[in-house]
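K.L.:
My structure file model.txt, compact mmCIF, C-alpha atoms, is below:
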# COMPACT_ATOMS: atom_id res chain seq x y z
CA MET A 1 -3.58 36.30 62.03
CA ASN A 2 -6.37 34.23 60.48
CA ILE A 3 -5.14 32.78 57.18
CA HIS A 4 -7.16 30.29 55.16
CA VAL A 5 -5.64 28.24 52.36
CA ILE A 6 -8.25 27.31 49.77
CA ILE A 7 -7.81 24.48 47.28
CA SER A 8 -10.25 23.05 44.72
CA THR A 9 -9.51 19.50 43.55
CA TYR A 10 -10.59 17.33 40.67
CA ASN A 11 -8.72 14.06 40.11
CA GLY A 12 -5.70 15.55 41.81
CA ALA A 13 -4.21 12.40 43.37
CA ARG A 14 -0.99 12.91 41.42
CA TRP A 15 -0.21 16.19 43.22
CA ILE A 16 -2.33 16.59 46.34
CA GLU A 17 0.12 15.04 48.81
CA LYS A 18 2.94 17.37 47.77
CA CYS A 19 0.55 20.32 47.65
CA LEU A 20 -0.78 19.83 51.19
CA LYS A 21 2.59 18.91 52.70
CA SER A 22 3.98 22.23 51.48
CA VAL A 23 1.05 24.13 52.98
CA PHE A 24 1.33 22.45 56.39
CA ALA A 25 5.08 23.10 56.39
CA SER A 26 4.42 26.85 56.20
CA SER A 27 6.27 29.01 58.69
CA ILE A 28 2.98 30.69 59.63
CA PRO A 29 -0.11 28.85 60.96
CA VAL A 30 -2.84 28.35 58.36
CA LYS A 31 -6.25 26.72 58.16
CA VAL A 32 -6.79 24.56 55.10
CA LYS A 33 -10.15 24.31 53.36
CA LEU A 34 -10.51 22.00 50.37
CA ILE A 35 -13.41 21.29 48.07
CA ASP A 36 -13.46 18.29 45.76
CA ASN A 37 -15.38 18.39 42.48
CA ALA A 38 -16.46 14.72 42.41
CA SER A 39 -13.03 13.21 41.70
CA SER A 40 -13.07 9.70 40.28
CA ASP A 41 -9.55 8.90 41.51
CA ASN A 42 -8.34 8.49 45.11
CA THR A 43 -7.82 12.18 45.88
CA LEU A 44 -10.20 12.16 48.84
CA GLU A 45 -8.75 8.92 50.18
CA ILE A 46 -5.26 10.42 50.27
CA ILE A 47 -6.53 13.49 52.07
CA SER A 48 -8.56 11.61 54.68
CA LYS A 49 -5.69 9.24 55.50
CA GLN A 50 -2.75 11.64 55.46
CA PHE A 51 -4.31 15.03 56.22
CA PRO A 52 -7.30 14.56 58.55
CA GLU A 53 -6.97 18.17 59.73
CA VAL A 54 -8.09 19.47 56.32
CA ASP A 55 -11.64 20.84 56.25
CA VAL A 56 -13.01 18.94 53.24
CA THR A 57 -16.20 19.74 51.35
CA PRO A 58 -17.08 16.97 48.86
CA ASN A 59 -19.21 17.80 45.84
CA TYR A 60 -21.32 15.14 44.15
CA LYS A 61 -20.76 16.65 40.72
CA ASN A 62 -18.18 18.90 39.10
CA ILE A 63 -19.53 22.43 39.55
CA GLY A 64 -16.46 24.14 38.10
CA PHE A 65 -13.45 25.91 39.55
CA GLY A 66 -15.04 29.28 40.29
CA ARG A 67 -18.24 28.00 41.90
CA ALA A 68 -16.31 25.51 44.02
CA ASN A 69 -13.90 28.11 45.29
CA ASN A 70 -16.76 30.49 46.03
CA ILE A 71 -18.18 27.99 48.53
CA LEU A 72 -14.90 28.00 50.45
CA LEU A 73 -14.37 31.75 50.11
CA ARG A 74 -17.75 32.34 51.78
CA LYS A 75 -16.78 29.96 54.58
CA ALA A 76 -13.45 31.71 55.04
CA LEU A 77 -15.10 35.12 55.26
CA ASN A 78 -17.69 33.82 57.71
CA ASP A 79 -14.86 32.37 59.80
CA GLY A 80 -13.22 35.79 59.99
CA ALA A 81 -10.31 35.19 57.61
CA ASP A 82 -7.88 38.10 57.37
CA TYR A 83 -6.35 36.57 54.28
CA VAL A 84 -7.14 33.81 51.83
CA PHE A 85 -4.36 32.01 50.02
CA LEU A 86 -5.84 30.50 46.88
CA MET A 87 -3.78 27.79 45.23
CA ASN A 88 -4.15 25.07 42.62
CA GLN A 89 -4.13 21.36 43.36
CA ASP A 90 -1.12 20.85 41.06
CA ALA A 91 0.98 23.39 42.92
CA TRP A 92 3.13 23.73 46.03
CA VAL A 93 5.01 26.50 47.85
CA ASP A 94 8.15 27.06 49.89
CA GLU A 95 7.69 27.12 53.65
CA ASN A 96 8.20 30.91 53.83
CA THR A 97 5.99 31.85 50.87
CA ILE A 98 2.64 32.46 52.56
CA ASP A 99 4.20 34.22 55.56
CA GLY A 100 6.34 36.37 53.27
CA LEU A 101 3.37 37.46 51.19
CA VAL A 102 1.39 38.37 54.31
CA GLN A 103 4.26 40.47 55.68
CA ILE A 104 4.60 42.30 52.37
CA HIS A 105 0.86 43.00 52.25
CA ARG A 106 0.99 44.50 55.74
CA GLN A 107 3.37 47.10 54.29
CA HIS A 108 1.40 47.55 51.05
CA ALA A 109 -2.29 47.37 51.94
CA GLU A 110 -3.27 48.99 48.63
CA PHE A 111 -2.60 45.64 46.96
CA GLY A 112 -5.62 43.33 46.93
CA ILE A 113 -3.79 40.35 45.45
CA ILE A 114 -0.13 39.42 45.89
CA SER A 115 1.43 36.43 44.18
CA PRO A 116 4.88 34.84 44.44
CA THR A 117 7.16 34.00 41.54
CA HIS A 118 5.57 31.17 39.54
CA LEU A 119 8.03 28.41 38.61
CA ASN A 120 7.37 25.20 36.73
CA GLY A 121 7.06 21.91 38.59
CA SER A 122 10.79 21.17 38.41
CA GLY A 123 11.78 24.68 39.46
CA THR A 124 13.96 25.13 36.38
CA ALA A 125 12.10 27.96 34.66
CA PHE A 126 9.22 30.37 34.97
CA ASP A 127 5.80 28.76 34.74
CA THR A 128 4.00 28.98 31.41
CA LEU A 129 3.00 32.61 30.67
CA PHE A 130 4.42 34.02 33.96
CA GLY A 131 7.30 35.67 32.13
CA ILE A 132 4.85 37.22 29.68
CA TYR A 133 2.79 38.66 32.53
CA CYS A 134 5.93 40.15 34.09
CA ARG A 135 6.99 41.92 30.88
CA ARG A 136 4.29 44.47 31.61
CA SER A 137 5.61 45.14 35.09
CA PRO A 138 7.89 48.22 34.98
CA GLY A 139 11.48 47.39 35.95
CA PHE A 140 10.90 43.74 36.81
CA PHE A 141 13.33 42.12 34.38
CA SER A 142 15.98 44.85 34.52
CA ASP A 143 16.00 44.66 38.33
CA LEU A 144 16.19 40.88 38.10
CA TYR A 145 19.19 41.09 35.77
CA LEU A 146 20.92 43.75 37.85
CA GLN A 147 20.20 41.82 41.07
CA SER A 148 18.47 44.81 42.64
CA VAL A 149 15.03 43.25 43.08
CA LYS A 150 12.39 45.09 45.10
CA ASP A 151 10.01 43.28 47.43
CA LEU A 152 6.92 43.95 45.32
CA TYR A 153 6.09 44.84 41.71
CA PRO A 154 2.71 45.98 40.38
CA ILE A 155 1.44 43.85 37.53
CA ASN A 156 -1.63 43.94 35.30
CA PHE A 157 -2.41 40.26 35.73
CA VAL A 158 -1.07 37.03 37.16
CA ASN A 159 -2.99 33.77 37.02
CA GLY A 160 -4.71 32.44 40.14
CA ALA A 161 -2.47 29.45 40.89
CA PHE A 162 -1.09 31.31 43.95
CA TRP A 163 -3.01 34.32 45.19
CA LEU A 164 -2.88 35.92 48.60
CA ILE A 165 -6.13 37.90 48.72
CA SER A 166 -6.90 40.35 51.50
CA ARG A 167 -10.25 40.30 53.29
CA GLU A 168 -10.90 43.89 52.21
CA CYS A 169 -10.36 42.96 48.58
CA LEU A 170 -12.84 40.10 48.80
CA LEU A 171 -15.47 42.18 50.57
CA LYS A 172 -15.30 44.91 47.94
CA THR A 173 -14.61 42.88 44.79
CA GLY A 174 -16.74 39.88 45.69
CA LEU A 175 -16.17 36.30 44.61
CA PHE A 176 -15.57 34.58 41.28
CA ASP A 177 -18.22 35.14 38.64
CA PRO A 178 -19.94 31.76 38.04
CA ILE A 179 -20.51 32.67 34.41
CA PHE A 180 -16.95 31.33 33.92
CA PRO A 181 -17.08 27.56 34.60
CA LEU A 182 -13.34 27.01 34.08
CA TYR A 183 -10.67 29.51 32.99
CA GLY A 184 -11.26 33.24 32.66
CA GLU A 185 -12.55 33.67 36.20
CA ASP A 186 -9.15 34.86 37.48
CA LEU A 187 -8.76 37.52 34.78
CA ASP A 188 -12.32 38.69 35.43
CA PHE A 189 -11.65 38.88 39.18
CA VAL A 190 -8.46 40.89 38.65
CA THR A 191 -10.29 43.33 36.39
CA ARG A 192 -13.00 43.85 39.00
CA ALA A 193 -10.46 44.24 41.80
CA ARG A 194 -8.64 46.94 39.84
CA ILE A 195 -11.93 48.76 39.24
CA LYS A 196 -12.53 48.67 43.00
CA GLY A 197 -9.18 50.43 43.51
CA PHE A 198 -6.86 47.53 44.36
CA GLU A 199 -3.46 46.88 42.86
CA ILE A 200 -2.17 43.45 41.84
CA GLY A 201 1.41 42.53 42.70
CA VAL A 202 4.17 39.95 42.40
CA ALA A 203 6.68 39.39 45.22
CA PRO A 204 9.71 37.85 43.45
CA ALA A 205 11.54 36.73 46.60
CA TYR A 206 8.92 34.05 47.28
CA ARG A 207 8.21 30.99 45.15
CA GLY A 208 5.37 28.78 44.06
CA PHE A 209 5.74 25.72 41.83
CA HIS A 210 3.08 24.86 39.26
CA ASP A 211 3.31 21.44 37.64
CA ARG A 212 1.37 21.87 34.41
CA ASP A 213 3.95 21.44 31.63
CA ASN A 214 3.45 19.10 28.67
CA ARG A 215 -0.26 18.53 29.08
CA PRO A 216 -2.00 17.79 25.77
CA GLU A 217 -4.85 20.14 24.84
CA SER A 218 -7.93 18.42 23.45
CA SER A 219 -10.15 19.97 20.79
CA VAL A 220 -12.90 20.24 23.43
CA HIS A 221 -10.54 22.19 25.67
CA LEU A 222 -9.59 24.56 22.85
CA ARG A 223 -13.24 25.21 21.98
CA ARG A 224 -13.96 25.93 25.63
CA ILE A 225 -11.13 28.46 25.73
CA LYS A 226 -12.48 30.20 22.64
CA LYS A 227 -15.94 30.45 24.20
CA ILE A 228 -14.52 31.87 27.41
CA LYS A 229 -12.57 34.50 25.46
CA TYR A 230 -15.79 35.64 23.79
CA ILE A 231 -17.60 35.80 27.13
CA ARG A 232 -14.69 37.76 28.54
CA VAL A 233 -14.98 40.39 25.80
CA LEU A 234 -18.68 40.93 26.47
CA LYS A 235 -18.23 40.77 30.26
CA ASP A 236 -15.38 43.33 30.36
CA THR A 237 -16.69 45.74 33.01
CA GLU A 238 -13.93 48.24 32.27
CA LYS A 239 -15.92 49.11 29.15
CA SER A 240 -19.54 50.09 28.60
CA PHE A 241 -21.68 47.31 27.16
CA PRO A 242 -22.03 49.00 23.72
CA LYS A 243 -18.24 49.24 23.55
CA ALA A 244 -17.83 45.65 24.72
CA LEU A 245 -20.39 44.47 22.14
CA THR A 246 -18.56 46.37 19.39
CA ASN A 247 -15.28 44.72 20.39
CA TYR A 248 -17.02 41.35 20.41
CA LEU A 249 -18.42 41.79 16.91
CA ILE A 250 -15.03 42.88 15.58
CA GLN A 251 -13.35 39.83 17.13
CA PHE A 252 -16.14 37.50 16.01
CA ASN A 253 -16.03 38.65 12.39
CA LYS A 254 -12.25 38.41 12.32
CA ASN A 255 -12.27 34.86 13.71
CA VAL A 256 -15.01 33.71 11.31
CA PHE A 257 -13.76 35.30 8.09
CA LYS A 258 -10.01 34.79 8.48
CA PRO A 259 -10.19 30.97 8.09
CA LEU A 260 -12.91 31.40 5.47
CA PHE A 261 -10.52 33.37 3.26
CA ARG A 262 -8.11 30.45 3.58
CA LEU A 263 -10.90 28.06 2.55
CA ASN A 264 -10.85 26.44 5.99
CA LEU A 265 -14.60 26.04 6.16
CA ARG A 266 -14.55 23.78 9.20
CA SER A 267 -12.69 26.27 11.41
CA SER A 268 -14.86 29.13 10.19
CA TYR A 269 -18.03 27.19 10.99
CA GLN A 270 -16.74 26.24 14.46
CA GLU A 271 -15.96 29.88 15.22
CA PHE A 272 -19.42 30.88 14.00
CA ARG A 273 -21.14 28.31 16.23
CA ILE A 274 -19.11 29.25 19.31
CA GLY A 275 -19.65 32.96 18.78
CA MET A 276 -23.39 32.65 18.20
CA ASN A 277 -23.73 30.39 21.22
CA VAL A 278 -22.17 33.11 23.39
CA LEU A 279 -24.30 35.82 21.80
CA ALA A 280 -27.43 33.80 22.58
CA SER A 281 -26.58 34.03 26.29
CA VAL A 282 -26.13 37.80 26.28
CA ASP A 283 -28.97 38.23 28.79
CA LYS A 284 -26.98 36.20 31.34
CA ILE A 285 -23.88 38.26 30.62
CA LEU A 286 -25.82 41.50 31.21
CA ILE A 287 -27.03 40.15 34.57
CA SER A 288 -23.44 39.22 35.37
CA ARG A 289 -22.16 42.70 34.50
CA LYS A 290 -24.78 44.28 36.76
CA ALA A 291 -24.01 41.93 39.66
CA CYS A 292 -20.27 42.54 39.42
CA SER A 293 -20.66 46.31 39.40
CA LYS A 294 -21.71 46.10 43.06
CA SER A 295 -19.45 45.57 46.05
CA GLY A 296 -19.27 42.05 47.38
CA ALA A 297 -20.63 40.38 44.26
CA TYR A 298 -21.74 36.76 44.87
CA ILE A 299 -20.81 36.76 48.56
CA HIS A 300 -24.45 36.64 49.58
CA LEU A 301 -26.60 34.29 47.52
Would you mind writing the structure in this file as structure tokens?
P.N.:
Amino acid sequence: MNIHVIISTYNGARWIEKCLKSVFASSIPVKVKLIDNASSDNTLEIISKQFPEVDVTPNYKNIGFGRANNILLRKALNDGADYVFLMNQDAWVDENTIDGLVQIHRQHAEFGIISPTHLNGSGTAFDTLFGIYCRRSPGFFSDLYLQSVKDLYPINFVNGAFWLISRECLLKTGLFDPIFPLYGEDLDFVTRARIKGFEIGVAPAYRGFHDRDNRPESSVHLRRIKKIKYIRVLKDTEKSFPKALTNYLIQFNKNVFKPLFRLNLRSSYQEFRIGMNVLASVDKILISRKACSKSGAYIHL
């Protein structure tokens, strides 16, 4: 079994030792590929000293999460990977997690992505939003309460902090769309995978820990999220472009006029600028929609 663990880092010195130790403690052999987006801390120093077996690709500038991971996903496919386990730098797993997910996939090949239970960094609660994702999974919480949990539950979406992705899913779905520099690329990938006929699942018996609680959100970060949400509406390949554009205009008008009615001119103007900026790049979004409609999008440059 050829399993590649893929990690993208950026100033991840705080977590990378725990992250990599958990991966190398896995009960199944894995190959670890890591790409660093020009960290300014000692992330690379920690890796070179403590984990020389990691295949490291250093970038000389931050090219974003999706683009960075695409470089490693291509390498993994070229190296004959049967599975890719994508995980965040601020995350770690139990020793049986990767093996358990692989064994479950071998019994449920219709699933393109399988993820473990996402816990917070202290392991005391579900990770942010994970519980919300699971609400849409039929029977998940009732089975959890009644202690009759199944090995796998279909789910509409789960974020990409811990994804076991099959080779078949990658070859048909393709890689991350580089139109999303940071955030949004996982939701877009899930949408495309579902269109290609794959299911998305959560295996509750296995655990991943994601240490992202209590991080302050800057105004720049919030504006970036708003822009990505607009791009996501126009990029939604489950809908025709006229329908996606209609949805965009409805959302745009709502976001601009709602604060205006409250005399919050600053928020209204910010929404207007963000929305128009996205609309100005509609040609790139159309190219992206066309590329992602094909099998193996972005695998071959």
K.L.:
Leaving out Phe252 of chain A and any residue of its chain fewer than 4 positions from it, which residues lie within 12 Å of it when counting only C-alpha atoms, given as a ChimeraX atom specification?
P.N.:
/A:226-227,229-231,233-234,245-248,256-259,268-279
K.L.:
Could you please take those selected residues and save C-alpha atoms as a PDB file, keeping the file's coordinate frame?
P.N.:
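Printed below is selection_6.pdb as written:
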ATOM      1  CA  LYS A 226     -12.480  30.200  22.640  1.00  0.00           C
ATOM      2  CA  LYS A 227     -15.940  30.450  24.200  1.00  0.00           C
ATOM      3  CA  LYS A 229     -12.570  34.500  25.460  1.00  0.00           C
ATOM      4  CA  TYR A 230     -15.790  35.640  23.790  1.00  0.00           C
ATOM      5  CA  ILE A 231     -17.600  35.800  27.130  1.00  0.00           C
ATOM      6  CA  VAL A 233     -14.980  40.390  25.800  1.00  0.00           C
ATOM      7  CA  LEU A 234     -18.680  40.930  26.470  1.00  0.00           C
ATOM      8  CA  LEU A 245     -20.390  44.470  22.140  1.00  0.00           C
ATOM      9  CA  THR A 246     -18.560  46.370  19.390  1.00  0.00           C
ATOM     10  CA  ASN A 247     -15.280  44.720  20.390  1.00  0.00           C
ATOM     11  CA  TYR A 248     -17.020  41.350  20.410  1.00  0.00           C
ATOM     12  CA  VAL A 256     -15.010  33.710  11.310  1.00  0.00           C
ATOM     13  CA  PHE A 257     -13.760  35.300   8.090  1.00  0.00           C
ATOM     14  CA  LYS A 258     -10.010  34.790   8.480  1.00  0.00           C
ATOM     15  CA  PRO A 259     -10.190  30.970   8.090  1.00  0.00           C
ATOM     16  CA  SER A 268     -14.860  29.130  10.190  1.00  0.00           C
ATOM     17  CA  TYR A 269     -18.030  27.190  10.990  1.00  0.00           C
ATOM     18  CA  GLN A 270     -16.740  26.240  14.460  1.00  0.00           C
ATOM     19  CA  GLU A 271     -15.960  29.880  15.220  1.00  0.00           C
ATOM     20  CA  PHE A 272     -19.420  30.880  14.000  1.00  0.00           C
ATOM     21  CA  ARG A 273     -21.140  28.310  16.230  1.00  0.00           C
ATOM     22  CA  ILE A 274     -19.110  29.250  19.310  1.00  0.00           C
ATOM     23  CA  GLY A 275     -19.650  32.960  18.780  1.00  0.00           C
ATOM     24  CA  MET A 276     -23.390  32.650  18.200  1.00  0.00           C
ATOM     25  CA  ASN A 277     -23.730  30.390  21.220  1.00  0.00           C
ATOM     26  CA  VAL A 278     -22.170  33.110  23.390  1.00  0.00           C
ATOM     27  CA  LEU A 279     -24.300  35.820  21.800  1.00  0.00           C
TER      28      LEU A 279
END
K.L.:
Mind checking which residues fall within 10 Å of Arg232 of chain A, counting all atoms listed in the file, ignoring those fewer than 6 positions away in the same chain, and posting them as number ranges by chain?
P.N.:
A: 179-180, 184-185, 187-188, 226, 244, 248, 285
K.L.:
What is the atom CA of Phe261 of chain A to atom CA of Leu249 of chain A distance in Å?
P.N.:
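Atom CA of Leu249 of chain A lies at a distance of 17.9 Å from atom CA of Phe261 of chain A.
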K.L.:
Between A:Arg207, A:Arg212, A:Lys290, A:Lys33, which has the minimum distance to Pro116 of chain A (counting all atoms listed in the file)?
P.N.:
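Of A:Arg207, A:Arg212, A:Lys290, A:Lys33, the one nearest Pro116 of chain A, counting all atoms listed in the file, is A:Arg207.
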K.L.:
Check the smallest atom-to-atom distance from each of A:Ala68, A:Ala91, A:Ala203, A:Asn11 to Glu45 of chain A using all atoms listed in the file, then report the winner.
P.N.:
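Among the listed residues, the smallest separation from Glu45 of chain A belongs to A:Asn11.
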K.L.:
Considering all atoms listed in the file, can you say which of A:Ser142, A:Ser288, A:Asn255, A:Ser22 comes closest to Pro178 of chain A?
P.N.:
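Closest candidate: A:Ser288.
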K.L.:
List as a list of chain:residue names the residues having at least one atom at most 9 Å from position (-4.4, 16.1, 50.2) as given in the file, counting only C-alpha atoms.
P.N.:
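Those within range, by chain then number, are A:Gly12, A:Ala13, A:Trp15, A:Ile16, A:Glu17, A:Lys18, A:Cys19, A:Leu20, A:Lys21, A:Leu34, A:Thr43, A:Leu44, A:Glu45, A:Ile46, A:Ile47, A:Ser48, A:Lys49, A:Gln50, A:Phe51, A:Pro52, A:Val54, A:Gln89.
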K.L.:
Atom CA of Leu77 of chain A to atom CA of Cys169 of chain A: how many Å, to one decimal?
P.N.:
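The value is 11.3 Å.
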K.L.:
Considering all atoms listed in the file, can you say which of A:Leu222, A:Val93, A:Val202, A:Leu182 comes closest to Cys134 of chain A?
P.N.:
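Of the candidates, the smallest distance to Cys134 of chain A is held by A:Val202.
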K.L.:
Give me the residues near segment 103-112 of chain A as a PyMOL selection string, where near means some atom within 7 Å (using all atoms listed in the file) and where sequence neighbours in that chain fewer than 3 positions away do not count.
P.N.:
chain A and resi 99-100+165-166+169+198-201
K.L.:
Within 9 Å of Gly160 of chain A, counting all atoms listed in the file, which residues show up once you throw out same-chain ones fewer than 3 positions away? Write them as a VMD selection string, please.
P.N.:
chain A and resid 86 to 88 115 163 185 to 187
K.L.:
Looking at A:Asn159, A:Ser293, A:Ser148, A:Ser27, which one is nearest to Lys196 of chain A, with distances taken over all atoms listed in the file?
P.N.:
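For Lys196 of chain A, the nearest of the given residues is A:Ser293.
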K.L.:
Provide the atom CA of Lys61 of chain A to atom CA of Arg289 of chain A distance in Å, to one decimal place.
P.N.:
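If I compute the distance from atom CA of Lys61 of chain A to atom CA of Arg289 of chain A, I get 26.8 Å.
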K.L.:
Using all atoms listed in the file, pick whichever of A:Leu119, A:Val149, A:Ala38, A:Val102 has the shortest atom-to-atom distance to Ala205 of chain A.
P.N.:
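With all atoms listed in the file as the atom set, the closest residue is A:Val149.
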K.L.:
Using the file's own x, y and z axes, what box holds all listed atoms of segment 273-280 of chain A with 3 Å on each side, keeping edges along x, y and z, and what are its centre and edge lengths in Å to one decimal, as JSON?
P.N.:
{"center_x": -23.3, "center_y": 32.1, "center_z": 19.8, "size_x": 14.3, "size_y": 13.5, "size_z": 13.2}
K.L.:
Write out as a PyMOL selection string the residues lying within 9 Å of Tyr60 of chain A, counting only C-alpha atoms and excluding same-chain residues fewer than 6 positions away.
P.N.:
chain A and resi 36-39
K.L.:
Can you take segment 185-199 of chain A from the block and write N, CA and C atoms as a tab-separated table (two decimals), in the first residue's frame?
P.N.:
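Final output, saved to part_36.tsv:
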chain	number	residue	atom	x	y	z
A	185	GLU	N	-10.98	26.32	-1.09
A	185	GLU	CA	-10.54	25.29	-2.03
A	185	GLU	C	-11.05	23.90	-1.64
A	186	ASP	N	-11.24	23.65	-0.33
A	186	ASP	CA	-11.72	22.33	0.09
A	186	ASP	C	-13.19	22.14	-0.25
A	187	LEU	N	-14.00	23.18	-0.04
A	187	LEU	CA	-15.42	23.09	-0.41
A	187	LEU	C	-15.58	22.92	-1.91
A	188	ASP	N	-14.78	23.64	-2.68
A	188	ASP	CA	-14.83	23.51	-4.13
A	188	ASP	C	-14.43	22.10	-4.57
A	189	PHE	N	-13.40	21.55	-3.94
A	189	PHE	CA	-12.96	20.19	-4.29
A	189	PHE	C	-14.04	19.17	-3.97
A	190	VAL	N	-14.67	19.31	-2.82
A	190	VAL	CA	-15.74	18.38	-2.43
A	190	VAL	C	-16.89	18.45	-3.43
A	191	THR	N	-17.26	19.65	-3.82
A	191	THR	CA	-18.34	19.81	-4.80
A	191	THR	C	-18.00	19.09	-6.10
A	192	ARG	N	-16.79	19.27	-6.57
A	192	ARG	CA	-16.37	18.64	-7.83
A	192	ARG	C	-16.30	17.11	-7.68
A	193	ALA	N	-15.84	16.64	-6.53
A	193	ALA	CA	-15.77	15.20	-6.31
A	193	ALA	C	-17.17	14.58	-6.33
A	194	ARG	N	-18.13	15.27	-5.73
A	194	ARG	CA	-19.51	14.76	-5.73
A	194	ARG	C	-20.07	14.73	-7.14
A	195	ILE	N	-19.76	15.75	-7.94
A	195	ILE	CA	-20.22	15.77	-9.33
A	195	ILE	C	-19.64	14.59	-10.10
A	196	LYS	N	-18.40	14.22	-9.77
A	196	LYS	CA	-17.75	13.09	-10.44
A	196	LYS	C	-18.25	11.73	-9.91
A	197	GLY	N	-19.17	11.75	-8.95
A	197	GLY	CA	-19.79	10.51	-8.51
A	197	GLY	C	-19.26	9.94	-7.20
A	198	PHE	N	-18.40	10.69	-6.51
A	198	PHE	CA	-17.82	10.19	-5.25
A	198	PHE	C	-18.62	10.69	-4.05
A	199	GLU	N	-18.66	9.86	-3.02
A	199	GLU	CA	-19.26	10.27	-1.76
A	199	GLU	C	-18.16	10.77	-0.82
